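Coordinates as given in coords_31.txt (compact mmCIF, C-alpha atoms):
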# COMPACT_ATOMS: atom_id res chain seq x y z
CA MET A 13 -16.86 15.99 47.43
CA GLY A 14 -13.99 13.58 48.02
CA PHE A 15 -16.18 10.64 47.01
CA LEU A 16 -17.29 12.42 43.81
CA LYS A 17 -13.67 13.23 43.01
CA LYS A 18 -12.75 9.56 43.48
CA ILE A 19 -15.41 8.52 40.97
CA LEU A 20 -14.26 11.19 38.50
CA GLY A 21 -10.72 9.91 38.98
CA PHE A 22 -11.72 6.64 37.28
CA PHE A 23 -12.23 8.57 34.06
CA HIS A 24 -8.97 10.52 34.21
CA ASP A 25 -5.77 8.63 33.51
CA ASP A 26 -3.64 11.46 34.83
CA TRP A 27 -5.37 11.91 38.18
CA CYS A 28 -3.65 10.63 41.28
CA SER A 29 -5.42 7.59 42.70
CA LYS A 30 -4.41 8.67 46.26
CA CYS A 31 -5.35 12.36 46.40
CA GLN A 32 -7.19 12.83 43.07
CA SER A 33 -4.98 15.76 42.04
CA LYS A 34 -3.85 16.13 38.47
CA MET A 35 -0.48 14.40 38.10
CA GLU A 36 2.46 15.79 36.21
CA GLU A 37 3.76 13.91 33.19
CA LYS A 38 7.41 13.13 33.86
CA ASN A 39 8.33 10.95 30.92
CA ARG A 40 6.78 9.76 27.66
CA GLN A 41 8.34 7.17 25.35
CA LEU A 42 7.18 4.92 22.53
CA TYR A 43 8.17 1.24 22.44
CA MET A 44 7.57 -1.69 20.16
CA LEU A 45 5.88 -4.73 21.64
CA PRO A 46 7.06 -7.81 19.71
CA MET A 47 3.61 -9.27 19.16
CA MET A 48 1.97 -9.65 15.78
CA VAL A 49 -1.52 -8.58 14.82
CA GLY A 50 -4.03 -11.33 15.61
CA HIS A 51 -1.76 -12.81 18.28
CA TYR A 52 -2.17 -10.29 21.08
CA THR A 53 -2.25 -11.69 24.62
CA SER A 54 -2.68 -9.49 27.64
CA HIS A 55 -0.03 -9.56 30.37
CA ASP A 56 -0.45 -8.07 33.83
CA ASP A 57 3.08 -8.70 35.00
CA ALA A 58 5.39 -5.67 34.72
CA GLU A 59 8.35 -8.01 34.24
CA TYR A 60 6.96 -9.05 30.85
CA TYR A 61 7.02 -5.47 29.60
CA LYS A 62 10.46 -4.76 31.06
CA LYS A 63 11.83 -7.78 29.25
CA ASN A 64 10.11 -7.33 25.89
CA LEU A 65 9.57 -3.64 25.16
CA ILE A 66 11.94 -2.27 22.52
CA LYS A 67 12.58 1.47 22.43
CA VAL A 68 11.77 3.21 19.15
CA ASN A 69 11.91 6.80 17.99
CA GLY A 70 8.54 6.84 16.28
CA LYS A 71 5.74 4.77 14.79
CA ALA A 72 7.66 4.56 11.51
CA ASP A 73 10.23 2.34 13.25
CA ILE A 74 7.62 -0.26 14.14
CA PRO A 75 7.29 -3.03 11.52
CA ILE A 76 3.87 -3.40 9.92
CA GLY A 77 1.59 -5.65 11.94
CA ASN A 78 3.46 -5.23 15.23
CA TYR A 79 2.02 -3.67 18.35
CA ALA A 80 3.23 -0.40 19.82
CA CYS A 81 3.28 0.60 23.45
CA GLY A 82 3.19 4.17 24.66
CA VAL A 83 4.65 4.48 28.16
CA ILE A 84 3.80 7.56 30.23
CA ALA A 85 5.26 8.12 33.69
CA TYR A 86 3.26 10.37 36.04
CA GLU A 87 4.09 11.89 39.39
CA CYS A 88 1.73 13.65 41.75
CA GLN A 89 3.04 17.03 42.90
CA GLU A 90 0.74 16.98 45.93
CA CYS A 91 1.50 13.60 47.52
CA GLY A 92 4.48 12.31 45.50
CA HIS A 93 2.59 9.23 44.25
CA LYS A 94 4.01 7.73 41.04
CA ALA A 95 2.18 5.87 38.31
CA VAL A 96 3.08 4.45 34.93
CA LYS A 97 0.52 4.01 32.18
CA LEU A 98 1.06 1.64 29.26
CA SER A 99 -1.15 2.14 26.19
CA ILE A 100 -0.87 -0.84 23.89
CA PHE A 101 -2.10 -0.16 20.40
CA LEU A 102 -1.83 -1.38 16.85
CA PRO A 103 -0.59 1.26 14.42
CA VAL A 104 -2.58 0.92 11.20
CA ARG A 105 -1.53 3.38 8.51
CA ASP A 106 -2.41 6.80 9.96
CA GLN A 107 -4.68 5.38 12.66
CA GLU A 108 -4.29 3.56 15.95
CA LYS A 109 -6.35 0.66 17.25
CA LEU A 110 -6.19 0.72 21.03
CA GLU A 111 -5.81 -2.82 22.32
CA ASP A 112 -5.13 -2.56 26.03
CA ALA A 113 -4.10 -0.21 28.84
CA LYS A 114 -2.12 -1.09 31.95
CA TYR A 115 -1.39 0.90 35.10
CA PHE A 116 1.48 0.25 37.42
CA GLU A 117 1.22 2.31 40.59
CA ASN A 118 3.51 0.48 42.98
CA GLY A 119 6.83 1.32 41.39
CA GLU A 120 7.00 -1.88 39.30
CA MET A 121 8.19 0.04 36.22
CA ASP A 122 10.36 2.68 37.91
CA ASP A 123 13.68 1.01 37.10
CA PHE A 124 12.56 0.55 33.50
CA ILE A 125 11.66 4.24 33.12
CA ALA A 126 14.97 5.26 34.65
CA ARG A 127 16.98 3.31 32.04
CA MET B 19 11.83 -25.25 -7.05
CA GLU B 20 8.66 -26.24 -8.83
CA GLU B 21 7.93 -24.77 -12.22
CA LYS B 22 4.38 -26.06 -12.44
CA LYS B 23 1.59 -23.67 -13.23
CA LEU B 24 -0.55 -22.40 -10.42
CA LYS B 25 -4.10 -23.73 -10.37
CA LYS B 26 -6.51 -22.30 -7.82
CA MET B 27 -9.45 -24.45 -8.77
CA ASN B 28 -9.91 -28.04 -9.86
CA VAL B 29 -13.09 -27.89 -11.93
CA VAL B 30 -13.67 -31.66 -11.73
CA TYR B 31 -13.50 -31.53 -7.92
CA LEU B 32 -15.78 -28.48 -7.80
CA MET B 33 -18.39 -30.14 -10.04
CA ALA B 34 -18.15 -33.45 -8.18
CA TYR B 35 -18.44 -31.65 -4.84
CA ILE B 36 -21.66 -29.95 -5.88
CA PHE B 37 -23.30 -32.41 -8.25
CA ALA B 38 -22.16 -35.91 -7.15
CA PRO B 39 -24.49 -35.98 -4.10
CA MET B 40 -27.32 -34.68 -6.29
CA LEU B 41 -26.70 -37.45 -8.81
CA ILE B 42 -26.60 -40.14 -6.13
CA CYS B 43 -29.83 -38.78 -4.62
CA ALA B 44 -31.49 -38.76 -8.05
CA VAL B 45 -30.46 -42.39 -8.71
CA CYS B 46 -31.69 -43.50 -5.27
CA PHE B 47 -34.98 -41.64 -5.70
CA TRP B 48 -35.47 -43.29 -9.09
CA LEU B 49 -34.68 -46.75 -7.64
CA SER B 50 -37.15 -46.11 -4.86
CA ALA B 51 -39.87 -44.96 -7.25
CA GLU B 52 -39.33 -47.86 -9.65
CA PHE B 53 -38.66 -50.82 -7.36
CA PHE B 54 -39.34 -49.87 -3.71
CA PRO B 55 -42.28 -47.47 -3.58
CA LYS B 56 -43.12 -48.52 0.02
CA GLY B 57 -41.47 -50.06 3.07
CA ASN B 58 -38.14 -49.78 4.84
CA MET B 59 -36.07 -49.83 1.67
CA ALA B 60 -37.96 -46.79 0.35
CA VAL B 61 -37.18 -44.90 3.57
CA VAL B 62 -33.49 -45.84 3.32
CA LEU B 63 -33.29 -44.84 -0.35
CA LEU B 64 -35.07 -41.53 0.19
CA MET B 65 -33.63 -40.42 3.53
CA GLY B 66 -30.13 -41.93 3.47
CA PRO B 67 -28.69 -40.09 0.46
CA SER B 68 -30.40 -36.83 1.49
CA ILE B 69 -28.82 -36.87 4.96
CA LEU B 70 -25.44 -37.98 3.60
CA SER B 71 -25.54 -35.21 0.97
CA PHE B 72 -26.20 -32.62 3.64
CA ILE B 73 -23.31 -33.94 5.74
CA TRP B 74 -21.08 -33.97 2.66
CA TRP B 75 -21.82 -30.34 1.71
CA VAL B 76 -21.47 -29.05 5.26
CA PHE B 77 -18.41 -30.95 6.49
CA ALA B 78 -16.56 -32.73 3.68
CA GLY B 79 -15.04 -29.59 2.12
CA LYS B 80 -13.58 -28.48 5.44
CA ILE B 81 -12.19 -31.94 6.23
CA ILE B 82 -10.62 -32.32 2.78
CA TYR B 83 -9.18 -28.78 2.95
CA LYS B 84 -7.70 -29.51 6.39
CA LYS B 85 -5.97 -32.58 4.92
CA THR B 86 -4.63 -30.44 2.06
CA GLN B 87 -3.22 -27.96 4.55
CA LYS B 88 -1.51 -30.78 6.46
CA LYS B 89 -0.14 -32.08 3.17
CA LEU B 90 1.35 -28.66 2.38
CA GLU B 91 2.87 -28.34 5.85
CA LYS B 92 4.44 -31.80 5.55
CA LYS B 93 5.86 -30.97 2.14
CA LEU B 94 7.28 -27.67 3.36
CA ASP B 95 8.95 -29.36 6.30
CA GLU B 96 10.49 -31.97 4.01
CA MET B 97 11.85 -29.20 1.78
CA GLY B 98 13.42 -27.28 4.64
CA PHE B 99 11.05 -24.38 4.03
CA GLU B 100 11.22 -21.79 6.80
CA ARG B 101 7.66 -20.94 7.73
CA ASN B 102 8.12 -17.27 8.67
CA HIS B 103 4.51 -16.28 8.06
CA THR B 104 1.45 -18.46 7.63
CA PHE B 105 -1.95 -17.05 6.79
CA TYR B 106 -5.01 -19.28 6.92
CA GLY B 107 -7.62 -17.71 4.67
CA SER B 108 -11.09 -19.15 4.19
CA GLY B 109 -10.29 -20.45 0.71
CA SER B 110 -6.52 -20.58 0.67
CA MET B 111 -3.51 -21.02 2.88
CA ILE B 112 -0.43 -18.92 2.22
CA VAL B 113 2.96 -19.70 3.77
CA VAL B 114 5.91 -17.41 3.16
CA ASP B 115 9.60 -18.20 3.58
CA VAL B 116 11.21 -14.77 3.71
CA VAL B 117 14.71 -16.21 4.19
CA HIS B 118 14.76 -18.15 0.92
CA GLY B 119 12.10 -16.12 -0.92
CA ASN B 120 9.58 -18.89 -1.46
CA ILE B 121 5.84 -19.15 -1.10
CA GLY B 122 3.67 -22.20 -0.32
CA MET B 123 0.00 -22.34 -1.19
CA ALA B 124 -2.99 -24.63 -0.72
CA PHE B 125 -6.46 -23.96 -2.07
CA PHE B 126 -9.90 -25.08 -0.89
CA TRP B 127 -11.12 -25.84 -4.41
CA ASN B 128 -7.98 -27.68 -5.48
CA PRO B 129 -7.24 -30.18 -2.72
CA SER B 130 -5.30 -32.58 -4.93
CA GLU B 131 -2.37 -30.20 -5.35
CA VAL B 132 -0.21 -27.99 -3.17
CA PHE B 133 2.18 -25.41 -4.56
CA VAL B 134 5.62 -24.25 -3.53
CA LEU B 135 6.82 -21.50 -5.84
CA PRO B 136 9.59 -18.90 -5.89
CA ALA B 137 8.28 -15.54 -4.74
CA SER B 138 9.93 -13.96 -7.79
CA ARG B 139 6.93 -15.20 -9.77
CA ILE B 140 4.74 -12.71 -7.93
CA THR B 141 4.09 -9.83 -10.28
CA LYS B 142 1.90 -7.57 -8.16
CA THR B 143 0.72 -7.27 -4.56
CA TRP B 144 -1.86 -4.95 -3.09
CA VAL B 145 -4.46 -4.47 -0.34
CA ASP B 146 -8.17 -4.07 -0.99
CA ASP B 147 -9.85 -2.44 2.02
CA GLY B 148 -13.27 -2.82 0.38
CA LYS B 149 -14.11 0.80 1.14
CA SER B 150 -17.35 2.09 -0.31
CA GLY B 151 -19.38 5.19 0.42
CA ALA B 152 -18.11 8.64 1.25
CA GLY B 153 -17.64 10.74 4.37
CA ILE B 154 -19.49 9.41 7.38
CA PHE B 155 -21.02 6.68 5.21
CA ALA B 156 -17.64 5.16 4.32
CA GLY B 157 -17.43 1.53 5.35
CA SER B 158 -16.43 -1.96 4.36
CA ALA B 159 -17.54 -5.56 4.73
CA ARG B 160 -14.35 -7.15 3.44
CA VAL B 161 -10.63 -6.55 3.67
CA SER B 162 -8.21 -8.66 1.71
CA PHE B 163 -4.72 -8.81 0.32
CA LEU B 164 -4.17 -9.79 -3.29
CA PHE B 165 -1.28 -10.86 -5.42
CA THR B 166 -0.77 -12.18 -8.90
CA ILE B 167 1.34 -15.16 -9.88
CA ASP B 168 1.54 -16.11 -13.59
CA ASN B 169 -1.24 -13.55 -14.17
CA ILE B 170 -3.53 -15.48 -11.82
CA LYS B 171 -5.05 -13.24 -9.18
CA ILE B 172 -5.19 -14.67 -5.66
CA ARG B 173 -7.39 -12.94 -3.12
CA VAL B 174 -7.05 -13.81 0.55
CA ASN B 175 -9.58 -12.26 2.91
CA THR B 176 -8.31 -10.97 6.22
CA PHE B 177 -11.77 -9.85 7.33
CA THR B 178 -15.27 -10.57 6.07
CA SER B 179 -18.64 -9.72 7.52
CA ASN B 180 -22.30 -9.82 6.50
CA GLN B 181 -22.59 -6.18 7.52
CA ARG B 182 -20.68 -3.01 6.74
CA TRP B 183 -18.35 -1.57 9.35
CA ARG B 184 -16.95 1.92 9.68
CA MET B 185 -13.43 2.29 8.31
CA ASP B 186 -12.11 3.12 11.80
CA SER B 187 -13.75 0.11 13.47
CA ASP B 188 -11.50 -2.37 15.24
CA TYR B 189 -12.46 -5.16 12.81
CA ILE B 190 -11.53 -3.17 9.71
CA LEU B 191 -8.32 -1.81 11.23
CA THR B 192 -7.22 -5.30 12.26
CA GLY B 193 -8.04 -6.62 8.79
CA ILE B 194 -6.08 -3.81 7.13
CA SER B 195 -3.12 -4.39 9.44
CA LYS B 196 -3.03 -8.11 8.62
CA ALA B 197 -3.35 -7.40 4.90
CA ASP B 198 -0.64 -4.71 4.99
CA MET B 199 1.64 -7.09 6.87
CA MET B 200 1.13 -9.93 4.38
CA VAL B 201 1.75 -7.63 1.40
CA ASP B 202 4.94 -6.44 3.10
CA VAL B 203 6.05 -10.03 3.74
CA LEU B 204 5.30 -11.09 0.14
CA GLU B 205 7.25 -8.12 -1.21
CA GLU B 206 10.15 -8.93 1.08
CA ALA B 207 10.19 -12.56 -0.12
CA ARG B 208 10.07 -11.40 -3.73
CA THR B 209 12.98 -9.02 -3.17
CA VAL B 210 15.03 -11.79 -1.54
CA LYS B 211 14.41 -14.16 -4.46
CA GLU B 212 15.14 -11.59 -7.13
CA LYS B 213 18.54 -10.71 -5.61

Go ahead and express the file in the form of structure tokens.
Amino acid sequence: MGFLKKILGFFHDDWCSKCQSKMEEKNRQLYMLPMMVGHYTSHDDAEYYKKNLIKVNGKADIPIGNYACGVIAYECQECGHKAVKLSIFLPVRDQEKLEDAKYFENGEMDDFIAR
Amino acid sequence: MEEKKLKKMNVVYLMAYIFAPMLICAVCFWLSAEFFPKGNMAVVLLMGPSILSFIWWVFAGKIIYKKTQKKLEKKLDEMGFERNHTFYGSGSMIVVDVVHGNIGMAFFWNPSEVFVLPASRITKTWVDDGKSGAGIFAGSARVSFLFTIDNIKIRVNTFTSNQRWRMDSDYILTGISKADMMVDVLEEARTVKEK
């Protein structure tokens, strides 16, 4: 059962990777990633996002052709594990083109979320 | 700033590009038939121009266009043009200076000239998402942004394909985003110049 739950956990962003319980969403914020359409490069280093993400109130604040980044902070109520998910997407009129997703589970983004 | 009229296509270059190799081939074939029906010279006269024509049609246009692009870039740098946005389309290169409200252009079919014009000469800008079909059949094979200068319509493709894609496909969305961005940039440059 535990093994099956672990496999299912791969398909659920909001499941704890330690105990496979559903995590609670603690914070959700939209940012602008200063990268233009056609020039996206993936970065695995949390420092890059901390340095470059610009807080915005909504998609309307993001200039046309720039990438957006949705940041969601999760916390597991069972084991206390924390995770931050970054969804990088291109807003195109009323649609979104998902470009990349990043997970930081070792507290790399905690100070950024707390700002 | 230049007041010269925009010219997307040089008809002489277009005709020469297509027909000059054909003419040279025809002359060589005639020479071969008349004076060298056999032997090494016949092979040279028949094969040489044919191979060179093929090379010309496949590569020459791209090489010449590349040189035109370099020429435009050099000219823009000499003028102190701030290259805020550059879009390399298949048949044209568009460079926009949003700070000073100018636009630089180079065209594939007019390699002898490059243009640097005030963006205030743009009369209209729009995006063509190429959408056809309805409902679940809606799709597109081309997305482009268009603008008119001196009543000359310039179309720059941001996405082309030999097959139709759904309107929510990544290719189409990326193409629309690029086109929207370029229209926005052109409008911004026009506003700056008109102030």

Expected answer as a PDB file with C-alpha atoms, keeping the file's coordinate frame: chain A residues within 6 Å of chain B, only C-alpha atoms:
ATOM      1  CA  ILE A  76       3.870  -3.400   9.920  1.00  0.00           C
ATOM      2  CA  GLY A  77       1.590  -5.650  11.940  1.00  0.00           C
ATOM      3  CA  VAL A 104      -2.580   0.920  11.200  1.00  0.00           C
TER       4      VAL A 104
END

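One distance worth recording is that between atom CA of B:Phe133 and atom CA of B:Gly79, which is 18.9 Å.
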
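Atom pair atom CA of B:Ile112 / atom CA of B:Leu24 has a distance of 13.1 Å (rounded to one decimal).
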
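The nearest approach to B:Tyr106 among the residues B:Val174, B:Val145, B:Met59, B:Leu90, with only C-alpha atoms taken into account, belongs to B:Val174.
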
Check your understanding: Could you tell me, as a ChimeraX atom specification, which residues have any atom at most 12 Å from (13.1, -8.3, 26.3), counting only C-alpha atoms?
Key -> /A:43-47,58-67,124

List every residue of stretch 50-130 of chain B that has an atom at most 9 Å from any atom of stretch 175-178 of chain B, and for each one report the closest atom pair and its distance in Å to one decimal, counting all atoms listed in the file, with rows sorted by chain and then by increasing residue number, as JSON lines.
{"residue": "B:Phe105", "atom": "CA", "partner": "B:Thr176", "partner_atom": "CA", "distance": 8.8}
{"residue": "B:Tyr106", "atom": "CA", "partner": "B:Thr176", "partner_atom": "CA", "distance": 9.0}
{"residue": "B:Gly107", "atom": "CA", "partner": "B:Asn175", "partner_atom": "CA", "distance": 6.1}
{"residue": "B:Ser108", "atom": "CA", "partner": "B:Asn175", "partner_atom": "CA", "distance": 7.2}
{"residue": "B:Gly109", "atom": "CA", "partner": "B:Asn175", "partner_atom": "CA", "distance": 8.5}

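When all atoms listed in the file are used to measure the gap to B:Lys26, the shortest distance among B:Ser110, B:Thr209, B:Thr166, B:Asn180 belongs to B:Ser110.
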
Practice item. Quick one: pull the distance between atom CA of A:Leu102 and atom CA of A:His51, Å, one decimal. Key: 11.5 Å

Practice item. Select, counting all atoms listed in the file, all protein, DNA and RNA residues no farther than 10 Å from (13.0, -10.7, -10.7) in file coordinates, and express the selection as a ChimeraX atom specification. Key: /B:137-141,208-213

So that I can check the surroundings of stretch 91-101 of chain B, please list as a PDB file with C-alpha atoms, in the frame of the given file every protein, DNA and RNA residue that reaches within 7 Å of it, counting all atoms listed in the file and ignoring chain neighbours fewer than 2 positions away.
ATOM      1  CA  GLN B  87      -3.220 -27.960   4.550  1.00  0.00           C
ATOM      2  CA  LYS B  88      -1.510 -30.780   6.460  1.00  0.00           C
ATOM      3  CA  LYS B  89      -0.140 -32.080   3.170  1.00  0.00           C
ATOM      4  CA  HIS B 103       4.510 -16.280   8.060  1.00  0.00           C
ATOM      5  CA  THR B 104       1.450 -18.460   7.630  1.00  0.00           C
ATOM      6  CA  VAL B 113       2.960 -19.700   3.770  1.00  0.00           C
ATOM      7  CA  VAL B 114       5.910 -17.410   3.160  1.00  0.00           C
ATOM      8  CA  ASP B 115       9.600 -18.200   3.580  1.00  0.00           C
TER       9      ASP B 115
END

Practice item. List the neighbours of stretch 31-36 of chain A out to 6 Å using only C-alpha atoms; skip same-chain residues closer than 2 positions along the sequence, and give me the result as a ChimeraX atom specification. Key: /A:26-29,86-88

I need the chosen residues saved as a PDB file, keeping the file's coordinate frame, with C-alpha atoms.
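File produced: result-v5.pdb:
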ATOM      1  CA  ASP A  26      -3.640  11.460  34.830  1.00  0.00           C
ATOM      2  CA  TRP A  27      -5.370  11.910  38.180  1.00  0.00           C
ATOM      3  CA  CYS A  28      -3.650  10.630  41.280  1.00  0.00           C
ATOM      4  CA  SER A  29      -5.420   7.590  42.700  1.00  0.00           C
ATOM      5  CA  TYR A  86       3.260  10.370  36.040  1.00  0.00           C
ATOM      6  CA  GLU A  87       4.090  11.890  39.390  1.00  0.00           C
ATOM      7  CA  CYS A  88       1.730  13.650  41.750  1.00  0.00           C
TER       8      CYS A  88
END

Could you write out as JSON the box around stretch 105-122 of chain A (axis-aligned, all atoms listed in the file, 5 Å on each side), with centre and edge lengths in Å to one decimal?
{"center_x": 2.0, "center_y": 2.0, "center_z": 25.7, "size_x": 26.7, "size_y": 19.6, "size_z": 44.5}

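In terms of minimum interatomic distance to A:Asn78, A:Val49 ranks closest within A:Val49, A:Glu108, A:Ala113, A:Asp122, counting all atoms listed in the file.
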
Review point. Near stretch 82-85 of chain A, counting only C-alpha atoms, which residues have an atom at most 9 Å away, once you skip same-chain residues fewer than 6 positions from it, shown as number ranges by chain?
Key: A: 36-44, 94-101, 121-122, 125

Point to revise | Best match for closeness to B:Tyr83 among B:Gly151, B:Pro136, B:Gly157, B:Pro129, counting all atoms listed in the file | key: B:Pro129
